[in-house]
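Trainee: File start-v2.txt below, compact mmCIF, C-alpha atoms:
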```txt
# COMPACT_ATOMS: atom_id res chain seq x y z
CA MET T 1 61.27 106.55 147.70
CA LYS T 2 58.92 103.64 147.38
CA PHE T 3 59.59 100.36 149.17
CA TRP T 4 60.02 98.33 145.98
CA GLU T 5 62.60 100.86 144.68
CA ILE T 6 64.59 100.61 147.91
CA SER T 7 64.39 96.83 147.77
CA PHE T 8 65.54 96.74 144.13
CA LEU T 9 68.49 99.07 144.79
CA SER T 10 69.55 97.07 147.87
CA THR T 11 69.42 93.79 145.98
CA THR T 12 71.38 95.26 143.07
CA LEU T 13 74.03 96.66 145.41
CA LEU T 14 74.42 93.30 147.17
CA LEU T 15 74.73 91.52 143.82
CA ILE T 16 77.45 93.92 142.64
CA VAL T 17 79.38 93.53 145.88
CA GLY T 18 79.06 89.74 145.65
CA LEU T 19 80.21 89.61 142.03
CA THR T 20 83.14 91.90 142.85
CA ALA T 21 84.20 89.64 145.71
CA PHE T 22 83.80 86.57 143.47
CA SER T 23 85.85 88.25 140.74
CA GLN T 24 88.58 89.09 143.24
CA GLU T 25 88.54 85.48 144.40
CA LEU T 26 88.89 84.26 140.81
CA ASN T 27 91.74 86.70 140.21
CA LYS T 28 93.69 85.49 143.21
CA ASP T 29 97.16 84.03 142.57
CA TYR T 30 97.41 80.84 144.63
CA THR T 31 100.96 80.12 143.45
CA GLY T 32 102.48 83.42 144.64
CA SER T 33 104.47 83.68 141.42
CA ILE T 34 102.78 86.82 140.01
CA THR T 35 104.24 89.87 141.76
CA GLN T 36 102.92 92.68 139.55
CA TYR T 37 99.42 92.75 138.14
CA ASN T 38 97.09 95.62 137.20
CA SER T 39 93.56 94.35 136.91
CA ASN T 40 92.47 97.58 135.18
CA PHE T 41 94.94 97.22 132.30
CA THR T 42 93.13 96.78 128.94
CA GLY T 43 96.00 97.22 126.47
CA ILE T 44 97.55 94.84 123.96
CA GLY T 45 99.00 91.63 125.28
CA PRO T 46 97.97 88.29 126.72
CA LYS T 47 95.68 88.23 129.70
CA VAL T 48 97.08 86.99 132.96
CA TYR T 49 96.04 83.36 133.59
CA PHE T 50 95.55 82.33 137.16
CA LEU T 51 95.82 78.67 138.10
CA PRO T 52 92.75 77.32 139.91
CA PRO T 53 93.07 76.96 143.67
CA PRO T 54 94.54 73.64 144.87
CA LYS T 55 92.03 70.90 145.64
CA SER T 56 91.08 70.41 149.24
CA LYS T 57 92.02 67.25 151.13
CA THR T 58 88.42 66.05 150.82
CA GLU T 59 88.34 66.66 147.05
CA GLN T 60 91.58 64.74 146.66
CA LEU T 61 90.14 61.84 148.66
CA ILE T 62 86.98 61.75 146.51
CA ASP T 63 89.10 61.75 143.33
CA LEU T 64 91.23 58.95 144.76
CA TYR T 65 88.24 56.66 145.36
CA ASP T 66 86.86 57.48 141.91
CA SER T 67 90.18 56.86 140.13
CA ASN T 68 90.78 54.01 137.70
CA ASP T 69 93.91 53.00 139.65
CA ARG T 70 91.85 52.37 142.77
CA LYS T 71 89.18 50.47 140.81
CA ASP T 72 91.81 48.35 139.04
CA PHE T 73 93.45 47.47 142.35
CA ALA T 74 90.03 46.55 143.79
CA LYS T 75 89.70 44.01 140.94
CA LYS T 76 93.12 42.57 141.84
CA ILE T 77 91.97 42.10 145.44
CA ILE T 78 88.90 40.15 144.28
CA ALA T 79 91.12 38.03 141.98
CA GLU T 80 93.36 37.21 144.95
CA LEU T 81 90.34 36.17 147.01
CA ARG T 82 89.24 33.87 144.16
CA TYR T 83 92.74 32.38 144.05
CA ASN T 84 92.69 31.69 147.81
CA MET T 85 89.32 29.97 147.40
CA LEU T 86 90.83 27.78 144.66
CA LEU T 87 93.66 26.69 146.96
CA GLN T 88 91.13 25.73 149.64
CA GLU T 89 89.16 23.63 147.14
CA LEU T 90 92.06 21.54 145.85
CA LYS T 91 92.32 18.04 147.35
CA ASN T 92 95.05 15.59 148.18
CA PHE T 93 94.35 11.85 148.16
CA LYS T 94 92.89 10.43 151.36
CA ASN T 95 96.23 8.92 152.34
CA ASN T 96 98.08 11.94 150.79
CA GLY T 97 99.36 9.56 148.11
CA PRO T 98 102.38 7.26 148.03
CA GLY T 99 104.68 10.28 148.06
CA GLN T 100 103.33 11.73 151.29
CA HIS T 101 106.75 11.59 153.00
CA LEU T 102 108.53 12.94 149.95
CA LYS T 103 110.46 16.20 150.17
CA ILE T 104 108.55 18.50 147.83
CA PRO T 105 110.68 19.82 144.94
CA THR T 106 110.93 23.57 144.52
CA ASP T 107 111.14 23.91 140.73
CA THR T 108 109.71 22.39 137.53
CA SER T 109 112.88 20.59 136.45
CA ALA T 110 113.11 18.76 139.80
CA TRP T 111 109.47 17.65 139.46
CA GLN T 112 110.10 16.44 135.90
CA GLU T 113 113.11 14.41 137.01
CA LEU T 114 111.16 12.82 139.87
CA ILE T 115 108.18 11.98 137.64
CA ALA T 116 110.43 10.51 134.92
CA ARG T 117 112.06 8.25 137.50
CA ALA T 118 108.63 7.02 138.68
CA LYS T 119 107.60 6.29 135.07
CA ASN T 120 110.75 4.28 134.48
CA GLN T 121 109.86 2.13 137.49
CA PHE T 122 106.37 1.52 136.00
CA ASP T 123 104.78 2.54 139.29
CA HIS T 124 101.62 4.07 137.91
CA VAL T 125 99.96 4.89 141.24
CA TYR T 126 103.11 6.60 142.48
CA THR T 127 103.42 8.46 139.16
CA TYR T 128 99.92 9.92 139.11
CA SER T 129 100.26 10.72 142.81
CA LEU T 130 103.41 12.71 142.02
CA LEU T 131 101.69 14.40 139.08
CA ASN T 132 98.81 15.47 141.34
CA ALA T 133 101.27 16.87 143.89
CA ALA T 134 103.17 18.64 141.09
CA GLY T 135 99.89 20.08 139.77
CA LEU T 136 98.91 21.47 143.18
CA ALA T 137 102.40 22.92 143.68
CA ALA T 138 102.24 24.64 140.28
CA VAL T 139 98.83 26.17 141.06
CA GLU T 140 100.19 27.45 144.40
CA GLN T 141 102.82 29.32 142.36
CA HIS T 142 100.09 30.78 140.10
CA LEU T 143 101.22 28.49 137.25
CA THR T 144 97.73 27.28 136.40
CA ASP T 145 98.60 26.21 132.83
CA GLN T 146 101.41 23.99 134.08
CA GLY T 147 99.19 22.68 136.87
CA THR T 148 96.54 21.74 134.32
CA VAL T 149 99.09 19.81 132.23
CA TYR T 150 100.21 17.80 135.28
CA LEU T 151 96.64 17.03 136.34
CA GLN T 152 95.58 15.96 132.84
CA GLU T 153 98.55 13.57 132.63
CA ALA T 154 97.71 12.18 136.08
CA ILE T 155 94.10 11.58 134.98
CA ALA T 156 95.23 9.78 131.81
CA ILE T 157 97.41 7.40 133.86
CA ALA T 158 94.85 6.84 136.64
CA ALA T 159 92.11 6.06 134.09
CA LYS T 160 94.07 3.01 132.92
CA GLU T 161 94.30 1.50 136.41
CA LYS T 162 91.94 -1.22 137.56
CA ASP T 163 91.38 0.54 140.87
CA GLN T 164 90.25 4.05 139.95
CA GLN T 165 89.39 5.29 143.44
CA ASP T 166 91.69 8.33 143.09
CA LEU T 167 90.32 9.39 139.71
CA PRO T 168 87.39 11.51 141.07
CA THR T 169 89.87 13.51 143.21
CA LEU T 170 92.08 14.20 140.19
CA LEU T 171 89.06 15.22 138.13
CA HIS T 172 87.82 17.43 140.97
CA ASN T 173 91.13 19.29 141.06
CA LEU T 174 91.12 19.76 137.29
CA ALA T 175 87.54 21.11 137.35
CA ALA T 176 88.47 23.52 140.17
CA VAL T 177 91.35 24.95 138.11
CA GLN T 178 89.15 25.16 134.99
CA LEU T 179 86.53 27.12 136.94
CA TYR T 180 89.22 29.49 138.22
CA THR T 181 90.58 30.08 134.69
CA LYS T 182 86.97 30.57 133.45
CA GLU T 183 87.07 27.58 131.08
CA TYR T 184 83.44 26.91 131.94
CA GLU T 185 82.56 24.43 129.18
CA LYS T 186 85.58 22.28 130.03
CA ALA T 187 84.76 22.49 133.75
CA ALA T 188 81.16 21.38 133.13
CA HIS T 189 82.40 18.41 131.06
CA THR T 190 84.92 17.43 133.77
CA ALA T 191 82.24 17.66 136.50
CA GLN T 192 79.89 15.48 134.44
CA GLU T 193 82.65 12.86 134.16
CA ILE T 194 83.02 12.88 137.96
CA LEU T 195 79.26 12.38 138.37
CA THR T 196 79.30 9.47 135.92
CA ARG T 197 82.10 7.76 137.87
CA LEU T 198 80.40 8.42 141.23
CA ASN T 199 77.02 7.15 140.00
CA LYS T 200 77.03 4.13 142.32
CA SER T 201 79.14 5.71 145.04
CA LYS T 202 77.88 6.29 148.57
CA ASN T 203 80.26 9.21 148.99
CA TYR T 204 77.59 11.93 149.10
CA SER T 205 80.05 14.76 149.75
CA GLU T 206 82.03 13.98 146.58
CA GLN T 207 78.81 13.82 144.56
CA ALA T 208 77.66 17.14 146.04
CA ASP T 209 81.02 18.75 145.23
CA ALA T 210 80.71 17.57 141.62
CA TRP T 211 77.17 18.96 141.34
CA MET T 212 78.46 22.29 142.68
CA GLN T 213 81.24 22.39 140.11
CA PHE T 214 78.78 21.52 137.34
CA SER T 215 76.39 24.23 138.56
CA MET T 216 79.04 26.96 138.88
CA ALA T 217 80.35 26.13 135.41
CA ASN T 218 76.83 26.65 134.06
CA SER T 219 76.50 29.86 136.04
CA GLY T 220 79.74 31.05 134.42
CA MET T 221 78.12 30.35 131.03
CA LYS T 222 75.03 32.28 132.27
CA ASN T 223 72.92 29.09 132.22
CA TYR T 224 71.29 30.15 135.48
CA ASN T 225 68.23 27.98 134.90
CA VAL T 226 70.59 24.97 135.06
CA ALA T 227 72.78 26.20 137.92
CA GLU T 228 70.02 27.16 140.40
CA PRO T 229 67.97 23.90 140.48
CA ASN T 230 71.06 21.68 140.55
CA ILE T 231 72.41 23.43 143.63
CA ILE T 232 69.02 23.40 145.39
CA ARG T 233 67.81 19.91 144.40
CA LYS T 234 71.05 17.98 143.94
CA ALA T 235 74.01 19.43 145.85
CA ILE T 236 72.38 20.68 149.07
CA PRO T 237 70.35 17.48 149.74
CA LEU T 238 73.55 15.42 149.24
CA TYR T 239 75.44 17.64 151.72
CA ASN T 240 72.54 17.07 154.14
CA LYS T 241 72.84 13.28 153.69
CA ALA T 242 76.57 13.47 154.34
CA LYS T 243 76.06 15.84 157.31
CA ASN T 244 78.65 18.01 155.57
CA PHE T 245 77.62 21.35 157.06
CA GLU T 246 80.59 23.30 155.77
CA GLY T 247 79.87 22.07 152.24
CA LYS T 248 76.26 23.20 152.67
CA ILE T 249 77.40 26.65 153.83
CA ILE T 250 79.60 27.02 150.74
CA ALA T 251 76.72 25.79 148.53
CA TRP T 252 74.44 28.50 149.92
CA GLN T 253 77.16 31.09 149.34
CA GLN T 254 77.64 30.01 145.75
CA LEU T 255 73.88 29.91 145.16
CA ALA T 256 73.80 33.49 146.43
CA GLN T 257 76.55 34.26 143.89
CA VAL T 258 74.33 32.88 141.09
CA TYR T 259 71.56 35.31 142.10
CA TYR T 260 74.09 38.07 142.67
CA GLU T 261 75.27 37.78 139.05
CA GLN T 262 71.66 38.27 137.92
CA ASN T 263 71.31 41.43 140.09
CA LYS T 264 68.77 39.59 142.25
CA TYR T 265 70.11 40.99 145.49
CA THR T 266 67.13 40.14 147.72
CA GLN T 267 67.35 36.42 146.87
CA ALA T 268 71.15 36.48 147.20
CA GLN T 269 70.91 38.07 150.65
CA TRP T 270 68.37 35.49 151.81
CA PHE T 271 70.69 32.56 151.01
CA LEU T 272 73.66 34.36 152.53
CA LEU T 273 71.67 34.77 155.75
CA GLN T 274 70.97 31.00 155.75
CA ALA T 275 74.70 30.35 155.32
CA GLN T 276 75.51 32.85 158.07
CA GLN T 277 73.08 31.27 160.54
CA LEU T 278 74.40 27.75 159.94
CA ALA T 279 78.01 28.93 160.24
CA LYS T 280 77.17 30.56 163.59
CA ASN T 281 75.34 27.44 164.81
CA LYS T 282 78.29 25.20 163.91
CA ASN T 283 80.90 27.76 164.99
CA TYR T 284 82.57 27.86 161.57
CA THR T 285 84.16 31.26 162.18
CA ALA T 286 86.36 31.12 159.07
CA ASP T 287 83.25 31.24 156.85
CA LEU T 288 81.56 34.10 158.72
CA ALA T 289 83.97 36.85 157.62
CA GLU T 290 83.50 36.10 153.90
CA ILE T 291 79.73 35.76 154.25
CA GLU T 292 79.55 39.14 156.03
CA TYR T 293 81.70 40.73 153.30
CA VAL T 294 79.50 39.42 150.48
CA LEU T 295 76.35 40.43 152.38
CA ALA T 296 77.67 43.95 152.81
CA SER T 297 78.69 44.12 149.14
CA SER T 298 75.18 43.13 148.04
CA LYS T 299 73.68 45.80 150.34
CA LEU T 300 76.02 48.37 148.79
CA LEU T 301 74.93 47.41 145.27
CA ASP T 302 71.32 47.49 146.46
CA ASN T 303 71.95 51.09 147.63
CA ASN T 304 71.31 50.12 151.26
CA ILE T 305 74.30 52.20 152.34
CA HIS T 306 73.86 52.44 156.11
CA ILE T 307 73.31 48.68 156.54
CA ALA T 308 76.26 48.03 154.19
CA LYS T 309 78.43 50.20 156.45
CA LYS T 310 77.39 48.24 159.54
CA GLU T 311 78.07 44.89 157.87
CA PHE T 312 81.43 45.95 156.43
CA LEU T 313 82.50 47.00 159.93
CA THR T 314 81.48 43.56 161.25
CA ALA T 315 83.31 41.87 158.35
CA LEU T 316 86.42 43.92 159.17
CA ILE T 317 86.47 42.67 162.77
CA LEU T 318 85.92 39.07 161.65
CA ALA T 319 88.62 39.25 158.96
CA ARG T 320 91.11 40.64 161.47
CA ASN T 321 90.22 37.95 164.00
CA GLU T 322 90.85 35.30 161.33
CA LYS T 323 94.07 37.07 160.24
CA ASN T 324 92.75 37.00 156.67
CA LYS T 325 94.69 39.96 155.33
CA HIS T 326 93.45 39.76 151.74
CA LEU T 327 89.85 39.80 152.89
CA GLU T 328 90.63 42.63 155.32
CA LEU T 329 92.08 44.61 152.41
CA ALA T 330 88.93 44.02 150.34
CA VAL T 331 86.72 45.13 153.26
CA LEU T 332 88.76 48.32 153.84
CA ASP T 333 88.51 49.20 150.15
CA LYS T 334 84.71 48.88 150.14
CA LEU T 335 84.33 50.54 153.55
CA GLY T 336 86.19 53.60 152.29
CA GLU T 337 83.81 53.74 149.32
CA VAL T 338 80.85 53.66 151.74
CA TYR T 339 82.28 56.50 153.83
CA ILE T 340 82.77 58.62 150.69
CA THR T 341 79.15 57.99 149.65
CA LEU T 342 77.94 58.99 153.13
CA LYS T 343 80.26 62.06 153.08
CA GLU T 344 81.96 60.86 156.24
CA TYR T 345 85.31 62.10 154.99
CA GLU T 346 87.36 61.81 158.19
CA GLU T 347 86.44 58.13 158.50
CA ALA T 348 87.19 57.66 154.77
CA GLU T 349 90.64 59.15 155.22
CA ASN T 350 91.41 56.98 158.26
CA THR T 351 90.17 53.89 156.42
CA TYR T 352 92.32 54.71 153.39
CA GLN T 353 95.35 55.05 155.67
CA ASP T 354 94.66 51.60 157.15
CA PHE T 355 94.20 50.27 153.60
CA SER T 356 97.53 51.75 152.44
CA ASN T 357 99.40 50.37 155.46
CA LEU T 358 98.00 46.86 154.96
CA LYS T 359 98.68 47.00 151.22
CA ALA T 360 102.33 47.89 151.92
CA GLU T 361 102.54 45.08 154.50
CA LEU T 362 101.23 42.49 152.03
CA LYS T 363 103.63 43.70 149.36
CA LYS T 364 106.51 43.36 151.80
CA ASP T 365 105.39 39.79 152.62
CA THR T 366 105.45 38.77 148.92
CA ASP T 367 108.75 40.49 148.05
```
Translate this file's structure into C-alpha cells.
Mentor:
Amino acid sequence: MKFWEISFLSTTLLLIVGLTAFSQELNKDYTGSITQYNSNFTGIGPKVYFLPPPKSKTEQLIDLYDSNDRKDFAKKIIAELRYNMLLQELKNFKNNGPGQHLKIPTDTSAWQELIARAKNQFDHVYTYSLLNAAGLAAVEQHLTDQGTVYLQEAIAIAAKEKDQQDLPTLLHNLAAVQLYTKEYEKAAHTAQEILTRLNKSKNYSEQADAWMQFSMANSGMKNYNVAEPNIIRKAIPLYNKAKNFEGKIIAWQQLAQVYYEQNKYTQAQWFLLQAQQLAKNKNYTADLAEIEYVLASSKLLDNNIHIAKKEFLTALILARNEKNKHLELAVLDKLGEVYITLKEYEEAENTYQDFSNLKAELKKDTD
C-alpha cells in the first residue's frame, strides 16, 4: 500500500475516533437524572436533550466581571467618590460663623425652627450663617436639593448686608453643589459671580478656586477650549501666588480629567504625574492614593494593562494606608478587571473575595 494511502486511512481513522469521543462527550448527562438511554434508538418520539456541562469556576468569574450588575455597581462606587470630593470642597466661614458653638440639629424641622427664630431677631449674619450650616448638613445627608435651597436663601440675605465678606464662601458652596448635580450652566454663572466679587481681592486661593469651578463647569458642558486655558493660565498661577500647593495638585488632577474626558490619555497622564510629584514633595499622602488610581485607570483605558496593574496595586496600598474604604473598593473593582484581562484568574478570584468582604463591611457601616 502506498504511503499516501496509509496516511489518508490513518488520518480518517483518527478523525472518526475523535468525533466519536466528542459525540460521547456531548451525549453525557451532567445532571445524573437520565438513568436509561439508548443512543442507537431511532424510533418515534422526542430526542433526549442533555443540559450543557456546568460552567467552570473561571468561566463564572469572567461572566461576573462582564455582568451588568458589576458594571452598575462600579458606577455607584465612582458616584460615591464624587460625593466624598464634594464634601471636602464645601467650606465653613473663617470663624465657623456665629453659630459655631451651636448644637447641630438632626432633622429639617429643627433647622427650620432655629432659622425662623434667628429671622425674628433680625440677626441677618446669624441667619445666613445658620442657613449655610443647614445647607452643608443637608448635603451630608445626600439631600442636595434641600441644601441648594438653604444656600440660595443664605446668599440672598448675605447680598443685602453692607459687609459681604462671607458671600464668596456661600457662592462657592452653591457652585460646588451645582457641579456635583451636573447643573453646569448654573455652576458657571455662580463661579462668574464669585470672580466679579473677588475682582479687587488679594485672596488668590479664593480666586483660583472660582476659576477652577468655572473651568470644570465648562468642561461639563464640553467647552474644553474654555476649560483648559483657564486652568493653566488663571487658576494654577493664582495657586502659585498663594503658595497653595494642595490647590495646585487638585488643579492638575482636574486638568487631567478635562483631557481624560476627551480620550487624550497621554496629556492626562502627564498632568497627573506633575500632581503626583508635587504631592510626594510636599508629603500630601491623602492626594497620592487618588492620583495613583486615576493614573492606573487611564493606563487601563489606554490598553497599557501591565503598567495599569502595577499602579492599581500601588493605589491599593495607599488607599488602605489612608483608610479610604470607598477608594479601596474602586481600586479592587478595577484590579479584578485587570486580572481577568491578563487571564490571571486565581488573583482575580482573590481580589473579588476582598472586594465582596469590603463591600459587605461598608454596607454594615451604613445600616
Trainee: Could you give me, as a PyMOL selection string, the residues that have an atom at most 12 Å away from the point (92.3, 5.4, 135.7) in the coordinates of the file, using all atoms listed in the file?
Mentor: chain T and resi 124-125+128-129+152-171+197
Trainee: List the spatial neighbours of Thr351 of chain T as a PyMOL selection string - criterion: any atom at most 10 Å away, all atoms listed in the file, same-chain residues fewer than 4 positions off excluded.
Mentor: chain T and resi 331-337+339+345-347+355-357
Trainee: How would the residues just chosen look if you wrote them out with C-alpha atoms as a PDB file, in the coordinates of the input?
Mentor:
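Writing the result to result-v7.pdb gives the following:
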```
ATOM      1  CA  VAL T 331      86.720  45.130 153.260  1.00  0.00           C
ATOM      2  CA  LEU T 332      88.760  48.320 153.840  1.00  0.00           C
ATOM      3  CA  ASP T 333      88.510  49.200 150.150  1.00  0.00           C
ATOM      4  CA  LYS T 334      84.710  48.880 150.140  1.00  0.00           C
ATOM      5  CA  LEU T 335      84.330  50.540 153.550  1.00  0.00           C
ATOM      6  CA  GLY T 336      86.190  53.600 152.290  1.00  0.00           C
ATOM      7  CA  GLU T 337      83.810  53.740 149.320  1.00  0.00           C
ATOM      8  CA  TYR T 339      82.280  56.500 153.830  1.00  0.00           C
ATOM      9  CA  TYR T 345      85.310  62.100 154.990  1.00  0.00           C
ATOM     10  CA  GLU T 346      87.360  61.810 158.190  1.00  0.00           C
ATOM     11  CA  GLU T 347      86.440  58.130 158.500  1.00  0.00           C
ATOM     12  CA  PHE T 355      94.200  50.270 153.600  1.00  0.00           C
ATOM     13  CA  SER T 356      97.530  51.750 152.440  1.00  0.00           C
ATOM     14  CA  ASN T 357      99.400  50.370 155.460  1.00  0.00           C
TER      15      ASN T 357
END
```
Trainee: May I ask which of the residues T:Ala296, T:Glu322, T:Ile232, T:Asn263 is the closest one to Tyr284 of chain T, counting only C-alpha atoms?
Mentor: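 With only C-alpha atoms as the atom set, the closest residue is T:Glu322.
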Trainee: With only C-alpha atoms as the counted atoms, please give the residues lying no more than 12 Å from Gln269 of chain T, apart from itself and same-chain residues fewer than 5 positions off, as a PyMOL selection string.
Mentor: chain T and resi 252-260+263-264+274-276+291-302+308
Trainee: In terms of the shortest atom-to-atom distance over all atoms listed in the file, which of T:Asn132, T:Phe73, T:Glu59, T:Lys119 is closest to Lys91 of chain T?
Mentor: T:Asn132
Trainee: Hey, what's within 12 Å of Leu318 of chain T if we count all atoms listed in the file and toss same-chain stuff fewer than 6 positions away? As number ranges by chain, please?
Mentor: T: 284-293, 311-312, 324-325, 327-328, 331
Trainee: Write the selection just made, keeping C-alpha atoms, as an mmCIF file, keeping the file's coordinate frame?
Mentor:
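Saved as part.cif:
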```cif
data_model
loop_
_atom_site.group_PDB
_atom_site.id
_atom_site.type_symbol
_atom_site.label_atom_id
_atom_site.label_comp_id
_atom_site.auth_asym_id
_atom_site.auth_seq_id
_atom_site.Cartn_x
_atom_site.Cartn_y
_atom_site.Cartn_z
ATOM 1 C CA TYR T 284 82.570 27.860 161.570
ATOM 2 C CA THR T 285 84.160 31.260 162.180
ATOM 3 C CA ALA T 286 86.360 31.120 159.070
ATOM 4 C CA ASP T 287 83.250 31.240 156.850
ATOM 5 C CA LEU T 288 81.560 34.100 158.720
ATOM 6 C CA ALA T 289 83.970 36.850 157.620
ATOM 7 C CA GLU T 290 83.500 36.100 153.900
ATOM 8 C CA ILE T 291 79.730 35.760 154.250
ATOM 9 C CA GLU T 292 79.550 39.140 156.030
ATOM 10 C CA TYR T 293 81.700 40.730 153.300
ATOM 11 C CA GLU T 311 78.070 44.890 157.870
ATOM 12 C CA PHE T 312 81.430 45.950 156.430
ATOM 13 C CA ASN T 324 92.750 37.000 156.670
ATOM 14 C CA LYS T 325 94.690 39.960 155.330
ATOM 15 C CA LEU T 327 89.850 39.800 152.890
ATOM 16 C CA GLU T 328 90.630 42.630 155.320
ATOM 17 C CA VAL T 331 86.720 45.130 153.260
#
```
Trainee: Determine, counting only C-alpha atoms, which protein, DNA and RNA residues have an atom within 10 Å of an atom of Glu206 of chain T; residues of the same chain fewer than 5 positions away are not included. Present the result as number ranges by chain.
Mentor: T: 168-169, 172, 194-195, 198, 201, 211-212, 235, 238-239, 242
Trainee: Taking only C-alpha atoms into account, which of T:Gln353, T:Leu131, T:Glu140, T:Ala360 comes nearest Ala118 of chain T?
Mentor: T:Leu131
Trainee: Taking 6 positions as the minimum chain separation for residues in the same chain, which residues sit within 10 Å of Asn225 of chain T when counting only C-alpha atoms? Answer as a list in words.
Mentor: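 Residues near the query, excluding close chain neighbours: Ser215, Asn218, Ser219 and Val258 of chain T.
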Trainee: Quick one: pull the distance between atom CA of Ser67 of chain T and atom CA of Glu261 of chain T, Å, one decimal.
Mentor: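 Atom CA of Glu261 of chain T lies at a distance of 24.2 Å from atom CA of Ser67 of chain T.
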Trainee: Give the centre and edge lengths of an axis-aligned box, in Å to one decimal, that holds all listed atoms of segment 203-208 of chain T with 5 Å on each side, as JSON.
Mentor:
```
{"center_x": 79.8, "center_y": 13.2, "center_z": 147.2, "size_x": 14.4, "size_y": 17.9, "size_z": 15.2}
```
Trainee: Suppose you want the space between atom CA of Lys309 of chain T and atom CA of Ala79 of chain T; what is it in Å?
Mentor: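 These atoms are spaced 22.8 Å apart.
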